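Enquirer: Contents of model-v5.pdb (PDB, C-alpha atoms, pLDDT in the B column) are below:
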ATOM      1  CA  MET A   1      -1.484  25.844   9.122  1.00 46.00           C
ATOM      2  CA  LYS A   2      -2.762  27.529  12.231  1.00 54.00           C
ATOM      3  CA  GLY A   3      -6.309  26.697  13.309  1.00 58.00           C
ATOM      4  CA  ILE A   4      -6.686  23.680  10.999  1.00 63.00           C
ATOM      5  CA  ASN A   5      -6.792  20.197  12.496  1.00 69.00           C
ATOM      6  CA  MET A   6      -4.772  17.297  11.058  1.00 70.00           C
ATOM      7  CA  LYS A   7      -7.728  15.687   9.267  1.00 74.00           C
ATOM      8  CA  ASP A   8      -8.736  18.957   7.618  1.00 80.00           C
ATOM      9  CA  GLU A   9      -5.123  19.601   6.626  1.00 84.00           C
ATOM     10  CA  GLU A  10      -4.979  16.107   5.110  1.00 81.00           C
ATOM     11  CA  VAL A  11      -8.163  16.819   3.116  1.00 81.00           C
ATOM     12  CA  LEU A  12      -6.591  19.999   1.727  1.00 86.00           C
ATOM     13  CA  VAL A  13      -3.418  18.165   0.707  1.00 87.00           C
ATOM     14  CA  LEU A  14      -5.292  15.233  -0.843  1.00 87.00           C
ATOM     15  CA  LYS A  15      -7.669  17.574  -2.689  1.00 86.00           C
ATOM     16  CA  SER A  16      -4.693  19.294  -4.303  1.00 86.00           C
ATOM     17  CA  ILE A  17      -3.238  15.922  -5.307  1.00 89.00           C
ATOM     18  CA  PHE A  18      -6.506  14.398  -6.606  1.00 88.00           C
ATOM     19  CA  ARG A  19      -7.564  17.607  -8.410  1.00 85.00           C
ATOM     20  CA  ASN A  20     -11.231  17.454  -9.452  1.00 83.00           C
ATOM     21  CA  LYS A  21     -11.442  13.682  -8.876  1.00 90.00           C
ATOM     22  CA  LEU A  22     -12.260  13.721  -5.157  1.00 90.00           C
ATOM     23  CA  ASP A  23     -13.910  16.464  -3.135  1.00 90.00           C
ATOM     24  CA  ASP A  24     -14.150  17.098   0.629  1.00 90.00           C
ATOM     25  CA  ILE A  25     -17.012  14.633   1.126  1.00 93.00           C
ATOM     26  CA  ASP A  26     -15.271  11.861  -0.827  1.00 94.00           C
ATOM     27  CA  LEU A  27     -12.096  12.383   1.192  1.00 91.00           C
ATOM     28  CA  LYS A  28     -13.950  12.416   4.514  1.00 91.00           C
ATOM     29  CA  ILE A  29     -15.655   9.148   3.565  1.00 94.00           C
ATOM     30  CA  TYR A  30     -12.212   7.735   2.787  1.00 91.00           C
ATOM     31  CA  GLN A  31     -10.815   8.977   6.124  1.00 89.00           C
ATOM     32  CA  ALA A  32     -13.668   7.379   8.064  1.00 92.00           C
ATOM     33  CA  LEU A  33     -13.279   4.039   6.294  1.00 91.00           C
ATOM     34  CA  ARG A  34      -9.505   4.146   6.689  1.00 86.00           C
ATOM     35  CA  GLU A  35      -9.988   4.374  10.453  1.00 84.00           C
ATOM     36  CA  ASN A  36     -12.599   1.618  10.462  1.00 86.00           C
ATOM     37  CA  GLY A  37     -13.307  -0.271   7.249  1.00 88.00           C
ATOM     38  CA  ARG A  38     -16.440  -1.756   8.817  1.00 90.00           C
ATOM     39  CA  MET A  39     -17.993   1.642   9.573  1.00 93.00           C
ATOM     40  CA  SER A  40     -21.555   1.778   8.268  1.00 95.00           C
ATOM     41  CA  ASP A  41     -22.830   4.419   5.869  1.00 96.00           C
ATOM     42  CA  THR A  42     -25.081   5.608   8.717  1.00 97.00           C
ATOM     43  CA  GLU A  43     -22.112   6.139  11.052  1.00 96.00           C
ATOM     44  CA  ILE A  44     -20.125   7.899   8.334  1.00 96.00           C
ATOM     45  CA  ALA A  45     -23.088  10.176   7.550  1.00 97.00           C
ATOM     46  CA  LYS A  46     -23.379  11.192  11.218  1.00 97.00           C
ATOM     47  CA  ARG A  47     -19.640  11.777  11.483  1.00 95.00           C
ATOM     48  CA  ILE A  48     -19.285  14.009   8.415  1.00 94.00           C
ATOM     49  CA  GLY A  49     -22.696  15.682   8.533  1.00 96.00           C
ATOM     50  CA  VAL A  50     -24.341  14.519   5.301  1.00 96.00           C
ATOM     51  CA  SER A  51     -27.236  12.193   4.511  1.00 97.00           C
ATOM     52  CA  ILE A  52     -26.911   8.407   4.491  1.00 96.00           C
ATOM     53  CA  THR A  53     -27.966   8.415   0.837  1.00 97.00           C
ATOM     54  CA  THR A  54     -25.137  10.816  -0.028  1.00 97.00           C
ATOM     55  CA  VAL A  55     -22.569   8.616   1.717  1.00 96.00           C
ATOM     56  CA  ARG A  56     -23.870   5.410   0.129  1.00 97.00           C
ATOM     57  CA  ARG A  57     -24.024   6.920  -3.364  1.00 97.00           C
ATOM     58  CA  ARG A  58     -20.548   8.434  -3.097  1.00 96.00           C
ATOM     59  CA  ARG A  59     -18.943   5.358  -1.505  1.00 95.00           C
ATOM     60  CA  LEU A  60     -20.357   3.133  -4.250  1.00 96.00           C
ATOM     61  CA  ARG A  61     -19.166   5.567  -6.943  1.00 95.00           C
ATOM     62  CA  LEU A  62     -15.657   5.615  -5.432  1.00 94.00           C
ATOM     63  CA  GLN A  63     -15.630   1.815  -5.350  1.00 94.00           C
ATOM     64  CA  GLU A  64     -16.980   1.474  -8.909  1.00 94.00           C
ATOM     65  CA  LYS A  65     -14.306   3.857 -10.226  1.00 93.00           C
ATOM     66  CA  GLY A  66     -11.667   1.782  -8.434  1.00 92.00           C
ATOM     67  CA  TYR A  67     -10.567   4.718  -6.243  1.00 91.00           C
ATOM     68  CA  LEU A  68     -11.655   3.057  -3.002  1.00 91.00           C
ATOM     69  CA  GLN A  69     -11.216  -0.526  -1.955  1.00 89.00           C
ATOM     70  CA  ILE A  70     -11.998  -1.713   1.536  1.00 85.00           C
ATOM     71  CA  ILE A  71      -9.396  -4.264   2.621  1.00 81.00           C
ATOM     72  CA  GLY A  72      -7.992  -5.963   5.682  1.00 77.00           C
ATOM     73  CA  LEU A  73      -4.499  -5.085   6.821  1.00 73.00           C
ATOM     74  CA  LEU A  74      -2.133  -7.306   8.763  1.00 73.00           C
ATOM     75  CA  LEU A  75       0.159  -5.314  11.043  1.00 73.00           C
ATOM     76  CA  LEU A  76       3.371  -7.244  10.500  1.00 76.00           C
ATOM     77  CA  ARG A  77       5.445  -5.662  13.285  1.00 74.00           C
ATOM     78  CA  ALA A  78       2.654  -6.194  15.823  1.00 73.00           C
ATOM     79  CA  ALA A  79       2.553  -9.869  14.796  1.00 80.00           C
ATOM     80  CA  ASP A  80       6.359 -10.068  15.183  1.00 83.00           C
ATOM     81  CA  VAL A  81       6.769 -11.043  11.526  1.00 88.00           C
ATOM     82  CA  ALA A  82       9.977 -10.332   9.581  1.00 91.00           C
ATOM     83  CA  TYR A  83       9.576  -8.258   6.429  1.00 93.00           C
ATOM     84  CA  ALA A  84      11.797  -6.471   3.959  1.00 95.00           C
ATOM     85  CA  ASP A  85      11.720  -4.108   1.012  1.00 96.00           C
ATOM     86  CA  VAL A  86      13.635  -5.540  -1.932  1.00 97.00           C
ATOM     87  CA  MET A  87      14.643  -3.156  -4.697  1.00 97.00           C
ATOM     88  CA  VAL A  88      15.119  -4.954  -8.021  1.00 97.00           C
ATOM     89  CA  LYS A  89      16.954  -3.745 -11.111  1.00 97.00           C
ATOM     90  CA  LEU A  90      15.628  -5.615 -14.138  1.00 96.00           C
ATOM     91  CA  ASN A  91      18.049  -6.920 -16.738  1.00 96.00           C
ATOM     92  CA  GLN A  92      17.776  -4.647 -19.773  1.00 93.00           C
ATOM     93  CA  HIS A  93      18.799  -7.585 -21.983  1.00 96.00           C
ATOM     94  CA  ALA A  94      16.036  -9.863 -20.678  1.00 95.00           C
ATOM     95  CA  LYS A  95      13.206 -10.743 -23.011  1.00 95.00           C
ATOM     96  CA  VAL A  96       9.848  -9.076 -22.411  1.00 95.00           C
ATOM     97  CA  GLU A  97       8.366 -12.521 -21.726  1.00 96.00           C
ATOM     98  CA  GLU A  98      10.986 -13.144 -18.987  1.00 96.00           C
ATOM     99  CA  ILE A  99      10.188  -9.842 -17.308  1.00 96.00           C
ATOM    100  CA  ASN A 100       6.442 -10.463 -17.519  1.00 96.00           C
ATOM    101  CA  GLU A 101       6.929 -13.963 -16.079  1.00 96.00           C
ATOM    102  CA  PHE A 102       9.049 -12.521 -13.261  1.00 97.00           C
ATOM    103  CA  LEU A 103       6.356  -9.956 -12.401  1.00 97.00           C
ATOM    104  CA  THR A 104       3.592 -12.576 -12.574  1.00 96.00           C
ATOM    105  CA  ASN A 105       5.578 -14.869 -10.285  1.00 96.00           C
ATOM    106  CA  ALA A 106       6.145 -12.001  -7.841  1.00 96.00           C
ATOM    107  CA  ILE A 107       2.436 -11.138  -7.826  1.00 95.00           C
ATOM    108  CA  ASN A 108       1.527 -14.786  -7.245  1.00 95.00           C
ATOM    109  CA  ASN A 109       4.186 -15.418  -4.579  1.00 95.00           C
ATOM    110  CA  PRO A 110       2.454 -15.726  -1.176  1.00 94.00           C
ATOM    111  CA  ARG A 111       5.526 -14.264   0.560  1.00 95.00           C
ATOM    112  CA  VAL A 112       5.359 -11.084  -1.548  1.00 95.00           C
ATOM    113  CA  TYR A 113       2.659  -8.750  -0.259  1.00 91.00           C
ATOM    114  CA  GLU A 114       3.350  -5.769  -2.507  1.00 92.00           C
ATOM    115  CA  VAL A 115       4.793  -5.234  -5.978  1.00 96.00           C
ATOM    116  CA  THR A 116       5.426  -1.678  -7.165  1.00 95.00           C
ATOM    117  CA  GLU A 117       6.910  -0.740 -10.544  1.00 95.00           C
ATOM    118  CA  TYR A 118       9.027   2.405 -10.926  1.00 94.00           C
ATOM    119  CA  LEU A 119       9.760   4.622 -13.890  1.00 90.00           C
ATOM    120  CA  GLY A 120      13.450   5.528 -14.106  1.00 83.00           C
ATOM    121  CA  GLY A 121      15.956   5.565 -11.270  1.00 88.00           C
ATOM    122  CA  ASP A 122      18.390   2.924 -10.060  1.00 94.00           C
ATOM    123  CA  TYR A 123      15.745   0.238  -9.541  1.00 97.00           C
ATOM    124  CA  ASP A 124      12.680  -0.833 -11.491  1.00 97.00           C
ATOM    125  CA  VAL A 125      10.594  -2.824  -9.018  1.00 97.00           C
ATOM    126  CA  LEU A 126       9.950  -2.919  -5.281  1.00 97.00           C
ATOM    127  CA  LEU A 127       8.989  -6.280  -3.803  1.00 97.00           C
ATOM    128  CA  ARG A 128       7.856  -6.464  -0.185  1.00 95.00           C
ATOM    129  CA  PHE A 129       8.460  -9.882   1.333  1.00 95.00           C
ATOM    130  CA  LEU A 130       7.309 -11.322   4.653  1.00 93.00           C
ATOM    131  CA  GLU A 131       8.277 -14.440   6.596  1.00 94.00           C
ATOM    132  CA  SER A 132       8.260 -15.772  10.159  1.00 93.00           C
ATOM    133  CA  ASN A 133      11.873 -14.784  10.881  1.00 93.00           C
ATOM    134  CA  ASN A 134      14.830 -13.018   9.252  1.00 93.00           C
ATOM    135  CA  GLU A 135      16.700 -16.207   8.376  1.00 95.00           C
ATOM    136  CA  LYS A 136      13.748 -17.631   6.430  1.00 95.00           C
ATOM    137  CA  LEU A 137      13.085 -14.196   4.947  1.00 95.00           C
ATOM    138  CA  ARG A 138      16.596 -13.947   3.499  1.00 95.00           C
ATOM    139  CA  TYR A 139      16.425 -17.539   2.206  1.00 96.00           C
ATOM    140  CA  HIS A 140      13.143 -16.991   0.331  1.00 96.00           C
ATOM    141  CA  ILE A 141      14.229 -13.641  -1.108  1.00 97.00           C
ATOM    142  CA  ASP A 142      17.457 -15.146  -2.453  1.00 96.00           C
ATOM    143  CA  LYS A 143      15.678 -18.263  -3.707  1.00 96.00           C
ATOM    144  CA  PHE A 144      13.165 -16.123  -5.629  1.00 97.00           C
ATOM    145  CA  LEU A 145      15.665 -13.670  -7.134  1.00 96.00           C
ATOM    146  CA  ARG A 146      18.957 -15.525  -7.654  1.00 93.00           C
ATOM    147  CA  ASN A 147      19.720 -16.923 -11.091  1.00 89.00           C
ATOM    148  CA  ASN A 148      16.660 -15.211 -12.571  1.00 94.00           C
ATOM    149  CA  ASN A 149      17.411 -13.927 -16.093  1.00 93.00           C
ATOM    150  CA  ALA A 150      15.045 -10.989 -15.601  1.00 97.00           C
ATOM    151  CA  VAL A 151      16.989  -9.709 -12.560  1.00 97.00           C
ATOM    152  CA  GLU A 152      20.233  -7.789 -12.964  1.00 96.00           C
ATOM    153  CA  ARG A 153      20.711  -7.008  -9.249  1.00 96.00           C
ATOM    154  CA  TYR A 154      18.765  -6.405  -6.067  1.00 97.00           C
ATOM    155  CA  MET A 155      19.137  -4.817  -2.638  1.00 97.00           C
ATOM    156  CA  VAL A 156      17.396  -6.091   0.493  1.00 97.00           C
ATOM    157  CA  TYR A 157      16.315  -3.654   3.199  1.00 96.00           C
ATOM    158  CA  PRO A 158      14.953  -5.486   6.268  1.00 93.00           C
ATOM    159  CA  ALA A 159      12.220  -3.404   7.893  1.00 88.00           C
ATOM    160  CA  ILE A 160      12.022  -2.809  11.633  1.00 83.00           C
ATOM    161  CA  GLY A 161       8.685  -1.018  11.746  1.00 76.00           C
ATOM    162  CA  SER A 162       6.205   1.366  10.162  1.00 71.00           C
ATOM    163  CA  PRO A 163       5.510   4.277  12.488  1.00 69.00           C
ATOM    164  CA  LYS A 164       3.190   5.664   9.805  1.00 68.00           C
ATOM    165  CA  ALA A 165       1.659   3.680   7.007  1.00 63.00           C
ATOM    166  CA  TRP A 166      -1.540   4.239   5.057  1.00 53.00           C
ATOM    167  CA  TYR A 167      -1.917   7.616   6.813  1.00 52.00           C
ATOM    168  CA  LYS A 168      -2.208   5.903  10.179  1.00 55.00           C
ATOM    169  CA  SER A 169       0.274   5.987  13.042  1.00 55.00           C
ATOM    170  CA  PHE A 170       1.103   2.735  14.775  1.00 52.00           C
ATOM    171  CA  LYS A 171       2.693   1.962  18.101  1.00 53.00           C
ATOM    172  CA  ILE A 172       5.996   0.262  17.525  1.00 49.00           C
ATOM    173  CA  LYS A 173       6.842  -2.494  19.984  1.00 49.00           C
ATOM    174  CA  PHE A 174      10.516  -3.258  20.594  1.00 44.00           C
TER     175      PHE A 174
END
Take the structure from the file and write it as C-alpha cells.
Expert:
Amino acid sequence: MKGINMKDEEVLVLKSIFRNKLDDIDLKIYQALRENGRMSDTEIAKRIGVSITTVRRRRLRLQEKGYLQIIGLLLLRAADVAYADVMVKLNQHAKVEEINEFLTNAINNPRVYEVTEYLGGDYDVLLRFLESNNEKLRYHIDKFLRNNNAVERYMVYPAIGSPKAWYKSFKIKF
C-alpha cells in the first residue's frame, strides 16, 4: 500500500479483522500500549490526537470488555532461556474428566507459559514450555506428557527465537 505507513496499514488490517468491535482510536490506543504498557492516558492522547478523557474512557471500555489487558512480557531469547512449542494430540478415548484435568494441570504448570486449544487438524493443543536449558526443558516436557491417558502423542519443537511476536520485532542474539 503506497503512501501508508506500517502502523496505519496495521490499523486497516486489524479493523477488517475486528469488524465493528474496534475502531481507529481503539486500535491506536492498543498500538501505543503495546509499545509501552506504562504509557499514560495523557501521553496516548497527545500521540493519537484525541482528548485524555476519550483515551481514558475507551481504554477502560476495552479493558472491561476483556479486549485489552496490560501485561508484562519476558523476552525468553534475550534472557537466554530455552523454550519449545509442544503440539499435543489428545486421546479420543480419554474421558472428558481426564482431558479437563490435563488442561488444568497444563494451565497451572509454572513451566508452561501458554496453552492454546485448536479445532480440527493433526493436533488439539499447543503447550509452550520454558526452562533454563534444553536438557531440563526436554526432561520436564517428557515428565509432564508421558504416560498421561489424555495424551495420544506429541511433537516438541525447540524454539530458537521470535523475530516478531505480539506485533513487535525483536533483535535476535546468537
Enquirer: Just want the 6 Å neighbourhood of stretch 141-152 of chain A, counted on only C-alpha atoms, with same-chain residues fewer than 3 positions away dropped. Output as a PDB file with C-alpha atoms, keeping the file's coordinate frame.
Expert:
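Below you can see around30.pdb, which holds the result:
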ATOM      1  CA  LYS A  89      16.954  -3.745 -11.111  1.00 97.00           C
ATOM      2  CA  LEU A  90      15.628  -5.615 -14.138  1.00 96.00           C
ATOM      3  CA  ASN A  91      18.049  -6.920 -16.738  1.00 96.00           C
ATOM      4  CA  ALA A  94      16.036  -9.863 -20.678  1.00 95.00           C
ATOM      5  CA  GLU A  98      10.986 -13.144 -18.987  1.00 96.00           C
ATOM      6  CA  ILE A  99      10.188  -9.842 -17.308  1.00 96.00           C
ATOM      7  CA  ARG A 138      16.596 -13.947   3.499  1.00 95.00           C
TER       8      ARG A 138
END
Enquirer: Identify, on the basis of only C-alpha atoms, every residue whose closest approach to stretch 59-72 of chain A does not exceed 8 Å; exclude the query and any residue fewer than 4 positions from it along the same chain; express the result as a short mmCIF file (atom, residue, chain, number, x, y, z; two decimals) with C-alpha atoms, keeping the file's coordinate frame.
Expert:
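Printed below is out-v4.cif as written:
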data_model
loop_
_atom_site.label_atom_id
_atom_site.label_comp_id
_atom_site.auth_asym_id
_atom_site.auth_seq_id
_atom_site.Cartn_x
_atom_site.Cartn_y
_atom_site.Cartn_z
CA ASP A 26 -15.27 11.86 -0.83
CA ILE A 29 -15.66 9.15 3.56
CA TYR A 30 -12.21 7.74 2.79
CA LEU A 33 -13.28 4.04 6.29
CA GLY A 37 -13.31 -0.27 7.25
CA VAL A 55 -22.57 8.62 1.72
#
Enquirer: Name the closest residue to A:Ala82 among the candidates A:Leu119, A:Leu137, A:Met155, A:Ile17; distances are taken between atoms, counting only C-alpha atoms.
Expert: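 Once distances to A:Ala82 are computed over only C-alpha atoms, the minimum belongs to A:Leu137.
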Enquirer: Just the number, please: distance in Å from atom CA of A:Glu9 to atom CA of A:Ser51, one decimal.
Expert: 23.4 Å
Enquirer: In Å, how far is it from atom CA of A:Glu43 to atom CA of A:Lys28?
Expert: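 That distance, rounded to one decimal, is 12.2 Å.
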Enquirer: Could you jot down the atom CA of A:Leu27 to atom CA of A:Val11 separation for me, Å, one decimal place?
Expert: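 Separating atom CA of A:Leu27 from atom CA of A:Val11 is a distance of 6.2 Å.
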Enquirer: Can you list, as a PyMOL selection string, the residues that the PyMOL selection byres ((chain A and resi 112) around 10) selects here?
Expert: chain A and resi 83-86+105-111+113-115+127-131+140-141
Enquirer: Show which residues sit within 6 Å of stretch 74-77 of chain A, as a PyMOL selection string. Count only C-alpha atoms, and ignore same-chain residues fewer than 3 positions away.
Expert: chain A and resi 80-81+161
Enquirer: Taking (-23.1, 8.9, 8.7) in the coordinates of the supplied file, I want to know which residues reach to within 6 Å of it, counting only C-alpha atoms; could you give the answer as a ChimeraX atom specification?
Expert: /A:41-47,52
Enquirer: Emit the selected residues as an mmCIF file, in the coordinates of the input, including C-alpha atoms.
Expert:
data_model
loop_
_atom_site.group_PDB
_atom_site.id
_atom_site.type_symbol
_atom_site.label_atom_id
_atom_site.label_comp_id
_atom_site.auth_asym_id
_atom_site.auth_seq_id
_atom_site.Cartn_x
_atom_site.Cartn_y
_atom_site.Cartn_z
ATOM 1 C CA ASP A 41 -22.830 4.419 5.869
ATOM 2 C CA THR A 42 -25.081 5.608 8.717
ATOM 3 C CA GLU A 43 -22.112 6.139 11.052
ATOM 4 C CA ILE A 44 -20.125 7.899 8.334
ATOM 5 C CA ALA A 45 -23.088 10.176 7.550
ATOM 6 C CA LYS A 46 -23.379 11.192 11.218
ATOM 7 C CA ARG A 47 -19.640 11.777 11.483
ATOM 8 C CA ILE A 52 -26.911 8.407 4.491
#
Enquirer: Would you please work out which residue, of A:Leu12, A:Leu126, A:Ala159, A:Ile25, is nearest to A:Arg57 when using all atoms listed in the file?
Expert: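 Checking each of A:Leu12, A:Leu126, A:Ala159, A:Ile25 against A:Arg57, counting all atoms listed in the file, the winner is A:Ile25.
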Enquirer: Out of A:Val96, A:Val88, A:Leu103, A:Ala32, which residue has the shortest atom-to-atom distance to A:Asp122 when counting all atoms listed in the file?
Expert: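 Looking only at the distances to A:Asp122, the closest residue turns out to be A:Val88.
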